[in-house]
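Below is upload_29.cif, which holds mmCIF, C-alpha atoms and all ligand atoms.
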data_query
loop_
_atom_site.label_atom_id
_atom_site.label_comp_id
_atom_site.auth_asym_id
_atom_site.auth_seq_id
_atom_site.Cartn_x
_atom_site.Cartn_y
_atom_site.Cartn_z
CA MET E 101 0.00 0.00 0.00
CA ASN E 102 1.29 3.44 -0.93
CA ALA E 103 1.87 5.75 2.05
CA THR E 104 0.70 8.91 0.25
CA PRO E 105 -2.26 8.02 -1.97
CA LEU E 106 -2.92 10.14 -5.03
CA THR E 107 -6.18 10.85 -6.81
CA VAL E 108 -5.56 9.95 -10.44
CA ALA E 109 -7.89 10.16 -13.43
CA VAL E 110 -7.45 7.91 -16.46
CA LEU E 111 -8.95 9.27 -19.67
CA GLY E 112 -9.42 6.19 -21.88
CA PRO E 113 -9.15 3.06 -19.69
CA GLY E 114 -8.18 0.68 -22.52
CA GLY E 115 -5.01 -1.41 -22.91
CA VAL E 116 -2.60 1.21 -21.56
CA GLY E 117 -4.95 3.21 -19.33
CA GLY E 118 -6.68 0.16 -17.88
CA LEU E 119 -3.38 -1.42 -16.89
CA ILE E 120 -2.03 1.77 -15.29
CA GLY E 121 -5.33 2.47 -13.54
CA ALA E 122 -5.55 -1.07 -12.18
CA LEU E 123 -1.95 -1.05 -10.90
CA LEU E 124 -2.43 2.31 -9.17
CA ALA E 125 -5.78 1.31 -7.64
CA ARG E 126 -4.25 -1.96 -6.43
CA ASP E 127 -1.53 0.07 -4.71
CA GLY E 128 -4.05 2.14 -2.77
CA HIS E 129 -4.46 5.22 -4.97
CA ARG E 130 -7.88 6.63 -5.78
CA VAL E 131 -8.46 6.06 -9.50
CA VAL E 132 -11.26 7.69 -11.49
CA CYS E 133 -11.65 6.31 -15.01
CA LEU E 134 -13.20 8.67 -17.56
CA ALA E 135 -14.98 6.87 -20.37
CA GLY E 136 -18.18 6.64 -22.38
CA GLU E 137 -21.39 5.75 -20.53
CA GLU E 138 -21.30 2.03 -21.22
CA THR E 139 -17.65 1.55 -20.30
CA ALA E 140 -17.98 3.78 -17.23
CA ALA E 141 -20.97 1.72 -16.04
CA ALA E 142 -19.05 -1.55 -16.52
CA LEU E 143 -15.99 -0.21 -14.69
CA GLY E 144 -18.02 1.20 -11.79
CA ARG E 145 -19.77 -2.16 -11.42
CA ASP E 146 -16.99 -4.70 -12.09
CA GLY E 147 -13.73 -2.72 -11.69
CA LEU E 148 -10.71 -3.25 -13.91
CA ARG E 149 -9.74 -6.86 -14.61
CA VAL E 150 -6.11 -7.46 -15.61
CA GLU E 151 -4.60 -10.68 -16.89
CA SER E 152 -0.88 -10.10 -16.87
CA ALA E 153 2.26 -12.07 -17.64
CA GLN E 154 4.13 -9.80 -15.22
CA PHE E 155 1.68 -9.11 -12.40
CA GLY E 156 -0.62 -12.14 -12.48
CA ASP E 157 -4.39 -11.85 -12.73
CA PHE E 158 -6.23 -9.40 -10.51
CA THR E 159 -9.27 -7.15 -10.30
CA ALA E 160 -9.05 -3.61 -8.94
CA ALA E 161 -12.03 -1.51 -7.85
CA VAL E 162 -12.05 1.94 -9.46
CA GLU E 163 -14.44 4.85 -9.72
CA ALA E 164 -15.75 5.74 -13.16
CA ASP E 165 -17.46 8.73 -14.67
CA THR E 166 -18.14 10.23 -18.07
CA ARG E 167 -16.59 13.59 -17.07
CA LEU E 168 -14.00 14.95 -14.67
CA ARG E 169 -15.97 16.76 -11.96
CA GLU E 170 -13.45 17.34 -9.16
CA PRO E 171 -9.77 18.12 -8.65
CA VAL E 172 -7.24 15.34 -9.14
CA ASP E 173 -3.46 15.16 -8.73
CA ALA E 174 -2.84 13.75 -12.20
CA VAL E 175 -4.61 12.68 -15.37
CA PHE E 176 -3.20 9.96 -17.61
CA VAL E 177 -4.39 10.52 -21.18
CA THR E 178 -4.52 7.08 -22.76
CA VAL E 179 -7.02 7.29 -25.61
CA LYS E 180 -5.83 6.75 -29.15
CA GLN E 181 -5.04 9.85 -31.17
CA THR E 182 -8.06 9.14 -33.38
CA SER E 183 -10.42 9.80 -30.44
CA LEU E 184 -8.37 12.40 -28.55
CA GLU E 185 -10.29 15.57 -29.45
CA GLN E 186 -13.64 14.04 -28.59
CA ALA E 187 -12.33 12.47 -25.37
CA LEU E 188 -10.92 15.78 -24.11
CA ASP E 189 -14.47 17.12 -23.83
CA ARG E 190 -14.66 14.90 -20.73
CA VAL E 191 -11.94 16.97 -19.05
CA PRO E 192 -13.08 20.60 -18.77
CA PRO E 193 -10.10 22.93 -18.15
CA PRO E 194 -11.58 24.44 -14.95
CA ALA E 195 -12.02 20.98 -13.38
CA LEU E 196 -8.44 20.11 -14.24
CA GLY E 197 -6.87 23.26 -12.79
CA GLY E 198 -3.14 22.83 -12.20
CA ALA E 199 -3.07 19.02 -12.19
CA LEU E 200 -0.37 17.02 -13.87
CA VAL E 201 -1.39 15.78 -17.33
CA VAL E 202 0.52 12.76 -18.61
CA PRO E 203 -0.32 11.72 -22.18
CA LEU E 204 1.02 8.33 -23.20
CA LEU E 205 -0.17 8.40 -26.81
CA ASN E 206 2.27 7.59 -29.55
CA GLY E 207 3.25 10.54 -31.73
CA LEU E 208 4.24 14.16 -31.08
CA ASP E 209 1.48 16.57 -31.92
CA HIS E 210 -0.92 15.80 -29.04
CA LEU E 211 1.40 17.72 -26.69
CA ARG E 212 0.75 21.06 -28.35
CA LEU E 213 -2.99 20.38 -28.37
CA LEU E 214 -2.97 19.56 -24.65
CA ARG E 215 -0.79 22.54 -23.70
CA GLU E 216 -3.06 24.92 -25.63
CA ARG E 217 -6.18 23.44 -24.11
CA TYR E 218 -4.90 23.26 -20.50
CA PRO E 219 -2.58 26.25 -20.02
CA SER E 220 -2.73 26.03 -16.21
CA ALA E 221 -1.99 22.32 -16.06
CA GLY E 222 1.43 20.68 -16.01
CA VAL E 223 1.46 18.75 -19.29
CA VAL E 224 4.39 16.33 -19.16
CA ALA E 225 5.52 14.40 -22.23
CA GLY E 226 5.45 10.67 -21.65
CA THR E 227 5.99 7.47 -23.59
CA ILE E 228 5.20 3.89 -22.71
CA ARG E 229 6.65 0.56 -23.74
CA VAL E 230 4.17 -2.24 -23.14
CA GLU E 231 1.96 -4.76 -24.89
CA ALA E 232 -1.50 -4.42 -23.43
CA THR E 233 -4.82 -5.09 -25.12
CA ARG E 234 -8.32 -4.08 -24.14
CA THR E 235 -10.31 -7.30 -24.68
CA ALA E 236 -13.66 -5.90 -23.42
CA PRO E 237 -14.73 -2.81 -21.48
CA GLY E 238 -12.60 -2.79 -18.32
CA ARG E 239 -10.64 -5.92 -19.25
CA VAL E 240 -6.95 -5.83 -20.13
CA GLU E 241 -4.57 -8.51 -21.29
CA HIS E 242 -0.97 -7.52 -20.52
CA THR E 243 1.35 -9.75 -22.53
CA SER E 244 4.78 -8.07 -22.19
CA PRO E 245 6.92 -8.83 -19.15
CA PHE E 246 7.36 -5.07 -18.65
CA VAL E 247 5.45 -1.81 -18.53
CA ASP E 248 7.98 0.99 -18.87
CA LEU E 249 7.23 4.70 -18.84
CA GLU E 250 9.49 7.58 -19.71
CA LEU E 251 8.55 11.04 -18.46
CA ALA E 252 10.32 14.21 -19.57
CA ALA E 253 10.23 16.09 -16.26
CA PRO E 254 12.01 16.02 -12.89
CA LEU E 255 9.08 14.35 -11.13
CA ASP E 256 11.03 12.22 -8.65
CA GLY E 257 8.26 11.86 -6.07
CA PHE E 258 5.60 11.00 -8.65
CA ALA E 259 7.94 8.53 -10.37
CA GLU E 260 8.62 6.82 -7.04
CA GLN E 261 4.88 6.39 -6.46
CA LEU E 262 4.42 4.88 -9.93
CA ARG E 263 7.34 2.51 -9.35
CA HIS E 264 5.83 1.44 -6.04
CA ALA E 265 2.72 0.39 -8.00
CA GLY E 266 4.85 -1.78 -10.32
CA LEU E 267 5.53 0.51 -13.27
CA GLY E 268 9.02 0.99 -14.65
CA VAL E 269 9.74 4.73 -14.80
CA THR E 270 12.68 6.61 -16.29
CA LEU E 271 12.86 10.38 -16.01
CA ARG E 272 14.37 12.17 -18.99
CA SER E 273 15.59 15.74 -19.30
CA ASP E 274 15.10 16.18 -23.06
CA GLU E 275 11.50 15.91 -24.28
CA THR E 276 12.40 16.06 -27.97
CA ALA E 277 15.02 13.32 -27.71
CA MET E 278 12.66 11.14 -25.66
CA LEU E 279 9.77 11.43 -28.14
CA TRP E 280 11.97 10.82 -31.19
CA ASP E 281 13.73 7.84 -29.59
CA LYS E 282 10.33 6.17 -29.66
CA LEU E 283 9.00 7.55 -32.96
CA ALA E 284 12.16 6.86 -34.99
CA PHE E 285 11.67 3.14 -34.38
CA LEU E 286 7.88 3.06 -34.23
CA ALA E 287 7.10 4.97 -37.45
CA PRO E 288 9.14 2.67 -39.74
CA LEU E 289 7.90 -0.40 -37.85
CA ALA E 290 4.22 0.58 -38.01
CA LEU E 291 4.24 1.86 -41.61
CA LEU E 292 6.19 -1.04 -43.12
CA THR E 293 4.49 -3.90 -41.25
CA THR E 294 1.03 -2.45 -41.92
CA ARG E 295 1.64 -1.57 -45.57
CA HIS E 296 3.19 -4.94 -46.41
CA ARG E 297 1.05 -7.01 -44.02
CA ALA E 298 4.24 -8.63 -42.83
CA ASP E 299 6.09 -9.22 -39.56
CA VAL E 300 9.43 -7.63 -38.73
CA GLY E 301 11.38 -10.69 -39.91
CA SER E 302 9.94 -10.39 -43.43
CA ILE E 303 10.45 -6.62 -43.52
CA ARG E 304 14.10 -7.04 -42.49
CA SER E 305 14.81 -9.65 -45.13
CA ASP E 306 12.42 -8.94 -48.05
CA ARG E 307 12.10 -5.13 -47.78
CA ARG E 308 15.54 -4.15 -46.53
CA PRO E 309 16.26 -1.37 -49.08
CA GLU E 310 12.92 0.28 -48.28
CA LEU E 311 13.54 -0.15 -44.53
CA LEU E 312 16.97 1.51 -44.83
CA THR E 313 15.54 4.43 -46.82
CA VAL E 314 12.73 5.03 -44.34
CA LEU E 315 15.16 4.86 -41.42
CA ASP E 316 17.39 7.41 -43.17
CA GLU E 317 14.44 9.75 -43.77
CA VAL E 318 12.93 9.49 -40.30
CA THR E 319 16.21 9.85 -38.43
CA ALA E 320 17.19 12.84 -40.61
CA VAL E 321 13.94 14.51 -39.53
CA ALA E 322 14.62 13.58 -35.90
CA ARG E 323 18.08 15.16 -36.01
CA ALA E 324 16.73 18.28 -37.72
CA ALA E 325 14.18 18.51 -34.87
CA GLY E 326 17.01 18.36 -32.35
CA ALA E 327 17.10 14.68 -31.33
CA PRO E 328 20.46 12.87 -31.50
CA VAL E 329 19.10 9.80 -33.29
CA THR E 330 21.07 7.84 -35.91
CA ALA E 331 19.81 5.40 -38.55
CA GLU E 332 22.54 2.93 -37.50
CA ALA E 333 21.33 2.84 -33.90
CA VAL E 334 17.67 2.37 -34.89
CA LEU E 335 18.60 -0.30 -37.45
CA SER E 336 20.64 -2.17 -34.88
CA PHE E 337 17.57 -2.22 -32.59
CA PHE E 338 15.36 -3.25 -35.54
CA ASP E 339 17.72 -6.13 -36.27
CA ARG E 340 17.54 -7.41 -32.70
CA VAL E 341 13.75 -7.63 -32.14
CA PRO E 342 12.08 -11.01 -32.71
CA ASP E 343 11.20 -12.04 -36.29
CA THR E 344 7.57 -12.48 -35.31
CA MET E 345 7.13 -8.96 -33.94
CA ARG E 346 4.19 -7.08 -35.44
CA SER E 347 2.89 -3.57 -34.82
CA SER E 348 -0.28 -2.47 -33.10
CA MET E 349 -1.15 -0.42 -36.21
CA GLN E 350 -1.04 -3.68 -38.17
CA ARG E 351 -3.36 -5.33 -35.64
CA ASP E 352 -5.71 -2.32 -35.79
CA ALA E 353 -5.74 -2.53 -39.62
CA GLU E 354 -6.59 -6.23 -39.54
CA ALA E 355 -9.40 -5.60 -37.09
CA GLY E 356 -10.80 -2.70 -39.14
CA ARG E 357 -10.15 -0.18 -36.33
CA PRO E 358 -9.12 3.43 -37.05
CA LEU E 359 -5.36 3.74 -37.55
CA GLU E 360 -3.02 6.16 -35.78
CA VAL E 361 -1.29 6.76 -39.09
CA ASP E 362 -1.58 10.53 -38.80
CA ALA E 363 -0.17 10.56 -35.25
CA ILE E 364 2.72 8.29 -36.14
CA GLY E 365 3.48 8.78 -39.87
CA GLY E 366 1.84 12.19 -40.32
CA ALA E 367 3.89 13.57 -37.42
CA VAL E 368 7.12 12.61 -39.20
CA LEU E 369 5.95 14.29 -42.43
CA ARG E 370 4.91 17.49 -40.64
CA ALA E 371 8.21 17.68 -38.76
CA GLY E 372 10.07 16.99 -42.03
CA ALA E 373 8.23 19.83 -43.76
CA ALA E 374 8.87 22.18 -40.83
CA HIS E 375 12.62 21.43 -40.95
CA HIS E 376 12.92 21.20 -44.76
CA VAL E 377 13.86 17.51 -44.78
CA GLU E 378 12.64 15.45 -47.75
CA THR E 379 10.65 12.32 -46.83
CA PRO E 380 9.32 10.89 -50.13
CA VAL E 381 9.28 7.20 -49.23
CA THR E 382 7.76 7.81 -45.81
CA ALA E 383 5.13 10.02 -47.46
CA ARG E 384 4.25 7.28 -49.94
CA LEU E 385 3.92 4.73 -47.14
CA VAL E 386 1.72 7.07 -45.09
CA ALA E 387 -0.57 7.59 -48.09
CA GLU E 388 -0.72 3.87 -48.83
CA VAL E 389 -1.46 2.93 -45.23
CA ALA E 390 -4.08 5.67 -44.93
CA ARG E 391 -5.89 4.13 -47.91
CA LEU E 392 -6.04 0.67 -46.37
CA THR E 393 -9.42 -0.54 -45.30
CA ALA E 394 -10.27 -3.60 -43.27
CA ARG E 395 -11.45 -5.32 -46.48
CA GLU E 396 -8.17 -4.68 -48.28
CA VAL E 397 -6.00 -5.94 -45.40
N1 LIG A 1 -1.65 -0.97 -26.11
C1 LIG A 1 -0.34 -0.95 -26.17
O1 LIG A 1 0.30 -2.00 -25.95
C2 LIG A 1 0.40 0.34 -26.44
C3 LIG A 1 1.81 0.37 -26.31
C4 LIG A 1 2.47 1.58 -26.49
C5 LIG A 1 1.76 2.72 -26.83
N2 LIG A 1 0.41 2.66 -26.99
C6 LIG A 1 -0.28 3.90 -27.32
O2 LIG A 1 -1.15 4.22 -26.25
C7 LIG A 1 -2.31 4.89 -26.73
C8 LIG A 1 -3.55 4.14 -26.23
O3 LIG A 1 -3.57 2.86 -26.86
P1 LIG A 1 -4.38 1.62 -26.31
O4 LIG A 1 -3.86 0.42 -27.01
O5 LIG A 1 -4.42 1.62 -24.82
O6 LIG A 1 -5.84 1.95 -26.86
P2 LIG A 1 -7.21 1.18 -26.54
O7 LIG A 1 -6.94 -0.12 -25.88
O8 LIG A 1 -8.03 1.22 -27.76
O9 LIG A 1 -7.85 2.09 -25.41
C9 LIG A 1 -8.38 3.35 -25.69
C10 LIG A 1 -9.44 3.63 -24.67
O10 LIG A 1 -9.96 4.92 -24.98
C11 LIG A 1 -11.34 4.87 -24.78
N3 LIG A 1 -12.02 5.92 -25.53
C12 LIG A 1 -12.21 6.03 -26.87
N4 LIG A 1 -12.90 7.16 -27.16
C13 LIG A 1 -13.13 7.76 -25.95
C14 LIG A 1 -13.80 8.95 -25.58
N5 LIG A 1 -14.37 9.78 -26.48
N6 LIG A 1 -13.87 9.26 -24.27
C15 LIG A 1 -13.28 8.46 -23.33
N7 LIG A 1 -12.65 7.32 -23.63
C16 LIG A 1 -12.57 6.98 -24.93
C17 LIG A 1 -11.78 3.49 -25.20
O11 LIG A 1 -12.99 3.23 -24.54
P3 LIG A 1 -13.85 1.87 -24.70
O12 LIG A 1 -13.19 0.88 -23.78
O13 LIG A 1 -15.18 2.29 -24.25
O14 LIG A 1 -13.76 1.49 -26.15
C18 LIG A 1 -10.62 2.65 -24.69
O15 LIG A 1 -10.86 2.22 -23.39
C19 LIG A 1 -2.19 4.91 -28.26
O16 LIG A 1 -1.67 6.14 -28.70
C20 LIG A 1 -1.19 3.78 -28.56
O17 LIG A 1 -0.47 3.99 -29.75
C21 LIG A 1 -0.28 1.51 -26.81
#
Since I need it in another form, could you write the structure as structure tokens?
Ligand SMILES: NC(=O)c1ccc[n+]([C@@H]2O[C@H](COP(=O)([O-])OP(=O)(O)OC[C@H]3O[C@@H](n4cnc5c(N)ncnc54)[C@H](OP(=O)(O)O)[C@@H]3O)[C@@H](O)[C@H]2O)c1
Amino acid sequence: MNATPLTVAVLGPGGVGGLIGALLARDGHRVVCLAGEETAAALGRDGLRVESAQFGDFTAAVEADTRLREPVDAVFVTVKQTSLEQALDRVPPPALGGALVVPLLNGLDHLRLLRERYPSAGVVAGTIRVEATRTAPGRVEHTSPFVDLELAAPLDGFAEQLRHAGLGVTLRSDETAMLWDKLAFLAPLALLTTRHRADVGSIRSDRRPELLTVLDEVTAVARAAGAPVTAEAVLSFFDRVPDTMRSSMQRDAEAGRPLEVDAIGGAVLRAGAAHHVETPVTARLVAEVARLTAREV
């Protein structure tokens, strides 16, 4: 049990948000999940159910609402980018006040949106490394033996509380470097596996020239944006992940769900344009993936 319980809201209690909310609630924090009516009703009734390779199976009681109505210490924003704008209506700026806002979405551009919308709040850039799937409202399957957050702020006390609940937390001092470390790997992975309907092993062997070109483009944009990322370092990581690895964008495409292609690929193109870096192959892949429909996949 945590000695100094926090009140934490989770906007979008799916794979990522459900796991974080359940771990915090299990550790004695007050967790308020913000969701649509049906999901909020299920969570209020049954709590969050986690089946986890790392933590075992457990159920945690949480509160649930369709809107934030009272002050909280922190809000984790864990919706997908495709539903972000709509979901933020559940968090009125006056209710949020000066709370910490921790978005864990993939991509870059949500940070500006959140900072414009919540000027009094402390919006902290975050990333997460995990494999967690929402299998039904309030039910999460956590299949990776880790759940690792990076936060770009000197939040030692907050990080310690998250670690106590079971989360891995690294604090970073450079937001741009942190975000691009993730995106420089994720964008090529997501675009190539989704476009070619192939796992990493096939991309590495059958599509290597295209992989190398995309890595060159994306890391050139990252460096122009101020992140010390090299194509060699990302390729070396790419070459070490398991052959069977697939991307969540690929799984979303197969299931006919909306794709975060704008958040992940579009963000690279926008940053490239802003810094005058050419990204023709990445642009083609973004366009091709954006055209995919569930029927075509
Ligand atoms: N899952 C992973 O392993 C993983 C790993 C790294 C990064 N990420 C990133 O984390 C972010 C979240 O991904 P995820 O996989 O956790 O997504 P997810 O499982 O689809 O969960 C999203 C949640 O948002 C909720 N939601 C949708 N529209 C909403 C609205 N208008 N108001 C309130 N809640 C709303 C959904 O509610 P319902 O339950 O009612 O549908 C769902 O619970 C994405 O940017 C993803 O790229 C995910």
Hey, could you make a per-residue contact list for chain E against ligand LIG 1 (chain A) with 6 Å as the cut-off, showing the nearest pair of atoms and its distance in Å to one decimal, counting all atoms listed in the file, sorted by chain and number, as a tab-separated table?
residue	atom	partner	partner_atom	distance
E:Leu111	CA	A:LIG1	C15	5.7
E:Gly112	CA	A:LIG1	O10	3.4
E:Pro113	CA	A:LIG1	O15	4.2
E:Gly114	CA	A:LIG1	O15	3.2
E:Gly115	CA	A:LIG1	O5	3.6
E:Val116	CA	A:LIG1	O5	3.8
E:Gly117	CA	A:LIG1	O5	5.7
E:Leu134	CA	A:LIG1	C15	5.8
E:Ala135	CA	A:LIG1	C15	3.8
E:Gly136	CA	A:LIG1	C15	5.3
E:Thr139	CA	A:LIG1	O13	4.7
E:Thr178	CA	A:LIG1	C8	4.7
E:Val179	CA	A:LIG1	O10	3.8
E:Lys180	CA	A:LIG1	C19	4.2
E:Gln181	CA	A:LIG1	O16	5.6
E:Ser183	CA	A:LIG1	N4	4.9
E:Gln186	CA	A:LIG1	N5	4.8
E:Ala187	CA	A:LIG1	N5	3.6
E:Leu204	CA	A:LIG1	O2	5.6
E:Leu205	CA	A:LIG1	O16	3.3
E:Asn206	CA	A:LIG1	O16	4.3
E:Ile228	CA	A:LIG1	C4	5.2
E:Arg229	CA	A:LIG1	C4	5.1
E:Val230	CA	A:LIG1	C3	4.7
E:Glu231	CA	A:LIG1	O1	3.4
E:Ala232	CA	A:LIG1	O1	3.9
E:Thr233	CA	A:LIG1	N1	5.3
E:Arg234	CA	A:LIG1	O7	4.5
E:Pro237	CA	A:LIG1	O12	4.6
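Atom to atom, atom CA of E:Arg272 and atom CA of E:Phe338 stand 22.6 Å apart.
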Of the candidates E:Met278, E:Leu213, E:Ala259, E:Leu251, which one gets nearest to E:Ala322 if we count all atoms listed in the file? E:Met278
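Of the listed residues (E:Glu360, E:Asp189, E:Glu388, E:Asp157), E:Glu360 comes nearest to E:Leu208; the distances count only C-alpha atoms.
Residues in contact with E:Pro203 at 7 Å, where only C-alpha atoms are counted and same-chain residues fewer than 2 positions away are skipped, are listed as E:Phe176, E:Val177, E:Thr178, E:Val201, E:Leu205, E:Ala225, E:Gly226.
With only C-alpha atoms as the atoms that count, the residue of E:Glu241, E:Arg149, E:Phe158, E:Ala109 with the shortest distance to E:Ala199 is E:Ala109.
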For E:Pro342, please output as number ranges by chain all residues within 10 Å (counting all atoms listed in the file; exclusion window: fewer than 5 positions along the same chain). E: 299-301
Quick one: write out the picked residues with C-alpha atoms as a PDB file, keeping the file's coordinate frame?
ATOM      1  CA  ASP E 299       6.090  -9.220 -39.560  1.00  0.00           C
ATOM      2  CA  VAL E 300       9.430  -7.630 -38.730  1.00  0.00           C
ATOM      3  CA  GLY E 301      11.380 -10.690 -39.910  1.00  0.00           C
TER       4      GLY E 301
END
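As for atom CA of E:Gly266 and atom CA of E:Val175, they are spaced 18.0 Å apart.
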Can you tell me, as AutoDock Vina command-line options, the centre and edge lengths (Å, one decimal) of the axis-aligned box enclosing all of stretch 196-207 of chain E's listed atoms after padding each side by 6 Å?
--center_x -2.6 --center_y 15.4 --center_z -22.0 --size_x 23.7 --size_y 27.7 --size_z 31.5
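Among E:Pro193, E:Gly257, E:Gly356, E:Gly365, the residue with the shortest atom-to-atom distance to E:Leu283, counting only C-alpha atoms, is E:Gly365.
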Shortest interatomic distance to E:Asp362 - which of E:Ser347, E:Thr330, E:Leu262, E:Gly207, counting all atoms listed in the file: E:Gly207
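Near E:Ala320, within 12 Å and counting all atoms listed in the file, sit Trp280, Ala284, Thr313, Val314, Leu315, Asp316, Glu317, Arg323, Ala324, Ala325, Gly326, Ala327, Pro328, Val329, Thr330, Ala331, Glu332, Val334, Val368, Leu369, Ala371, Gly372, Ala373, His375, His376, Val377, Glu378, Thr379 and Thr382 of chain E; same-chain residues fewer than 3 positions away were not included.
Proximity of E:Pro358, E:Gln350, E:Thr104, E:Gly156 to E:Thr243, computed with all atoms listed in the file, is greatest for E:Gly156.
One finds atom CA of E:His129 at 11.3 Å from atom CA of E:Val172.
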Set the distance at 12 Å and use only C-alpha atoms: which residues neighbour E:Thr293 once local chain neighbours fewer than 4 positions away are removed? I'd like the list as a PyMOL selection string. chain E and resi 286-289+297-304+306-307+310-311+343-354+385-386+389+397
